[in-house]
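What follows is one structure encoded as structure tokens, with my remarks underneath.
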Amino acid sequence: MASNADAEALSFKMESAKQWQKNVEEEFKRVNELLKLVAEELQTQPFEDDTIMMGLKKTGEALAEAFETLNKNFMSAVAGLSDIMAEWSRTLTKILEAIADAARKIGHS
């Protein structure tokens, strides 16, 4: 059976993972907002006769497409991570309940 220290370490790791997930999701939101602003700006500028601006537009479009793929894949991975963390939470609860039950039994002996 796991010790209380093991349960606390697992709990800490879960909280760290949840915080990391939240931070990365926020970063993805900020990047997405920035790409939307870039896309809006690209729509308002005349590019047809400017070779440099056409290159920038194509680069921006390629970056937006790559980010969309990255975002989609990350969100899929996070969904799996959320399931794992939920299972860890259930396991941690069971461990803590077992420790508390064992402590009660020892206290009554």
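Residue numbers start at 1 in each chain; chains themselves are named A, B, ... in the order of the structure tokens; ligands are numbered from 1 in the order shown.
For region 23-37 of chain A, the list of residues within 8 Å, based on only C-alpha atoms and with local chain neighbours fewer than 4 positions off taken out, reads Gln19, Glu41, Ala64 and Asn71 of chain A.
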Output file for the selection above: C-alpha atoms, as a compact mmCIF listing (two decimals), in the first residue's frame:
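Generated file (out21.txt):
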```
# COMPACT_ATOMS: atom_id res chain seq x y z
CA GLN A 19 -1.30 24.15 -13.82
CA GLU A 41 -4.43 43.01 -41.06
CA ALA A 64 -1.70 30.03 -39.30
CA ASN A 71 -3.58 23.51 -31.66
```
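Residues within 12 Å of Met14 (chain A), counting only C-alpha atoms and excluding same-chain residues fewer than 5 positions away, are Ala7, Glu8, Ala9, Gln19, Trp20, Gln21, Leu81, Ser82, Asp83, Ile84, Met85, Ala86, Glu87, Trp88, Ser89, Arg90, Thr91 and Leu92 of chain A.
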Let me see the file: selected residues, C-alpha atoms, as a short mmCIF file (atom, residue, chain, number, x, y, z; two decimals), in the first residue's frame.
```cif
data_model
loop_
_atom_site.label_atom_id
_atom_site.label_comp_id
_atom_site.auth_asym_id
_atom_site.auth_seq_id
_atom_site.Cartn_x
_atom_site.Cartn_y
_atom_site.Cartn_z
CA ALA A 7 -0.19 10.18 -1.97
CA GLU A 8 0.92 13.74 -1.23
CA ALA A 9 3.61 13.53 -3.93
CA GLN A 19 -1.30 24.15 -13.82
CA TRP A 20 0.94 23.33 -16.78
CA GLN A 21 -2.11 22.42 -18.85
CA LEU A 81 -4.34 14.07 -20.20
CA SER A 82 -7.51 15.27 -18.49
CA ASP A 83 -8.82 11.70 -18.45
CA ILE A 84 -5.53 10.46 -16.95
CA MET A 85 -5.58 13.16 -14.27
CA ALA A 86 -9.19 12.33 -13.40
CA GLU A 87 -8.21 8.67 -12.96
CA TRP A 88 -5.21 9.69 -10.83
CA SER A 89 -7.52 11.80 -8.70
CA ARG A 90 -9.85 8.84 -8.14
CA THR A 91 -6.86 6.63 -7.31
CA LEU A 92 -5.46 9.23 -4.92
#
```
Checklist outcome for this item: Expressed in Å, the length from CA of Ile95 (chain A) to CA of Gly80 (chain A) is 22.6 Å
Next on the checklist: Given only C-alpha atoms as the basis, pick out the residue of A:Ala103, A:Ala39, A:Lys18, A:Ser11 nearest to Ala62 (chain A).
Outcome noted: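 Smallest distance to Ala62 (chain A) is found for A:Ala39.
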Item to check | For CA of Lys22 (chain A) and CA of Ala79 (chain A), the interatomic separation in Å (one decimal) | outcome: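 Going from CA of Lys22 (chain A) over to CA of Ala79 (chain A), I get 12.3 Å.
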Checklist entry - Distance CA of Ala66 (chain A)-CA of Met53 (chain A), one decimal place? => result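 Computing the Euclidean distance for CA of Ala66 (chain A) and CA of Met53 (chain A) yields 19.7 Å.
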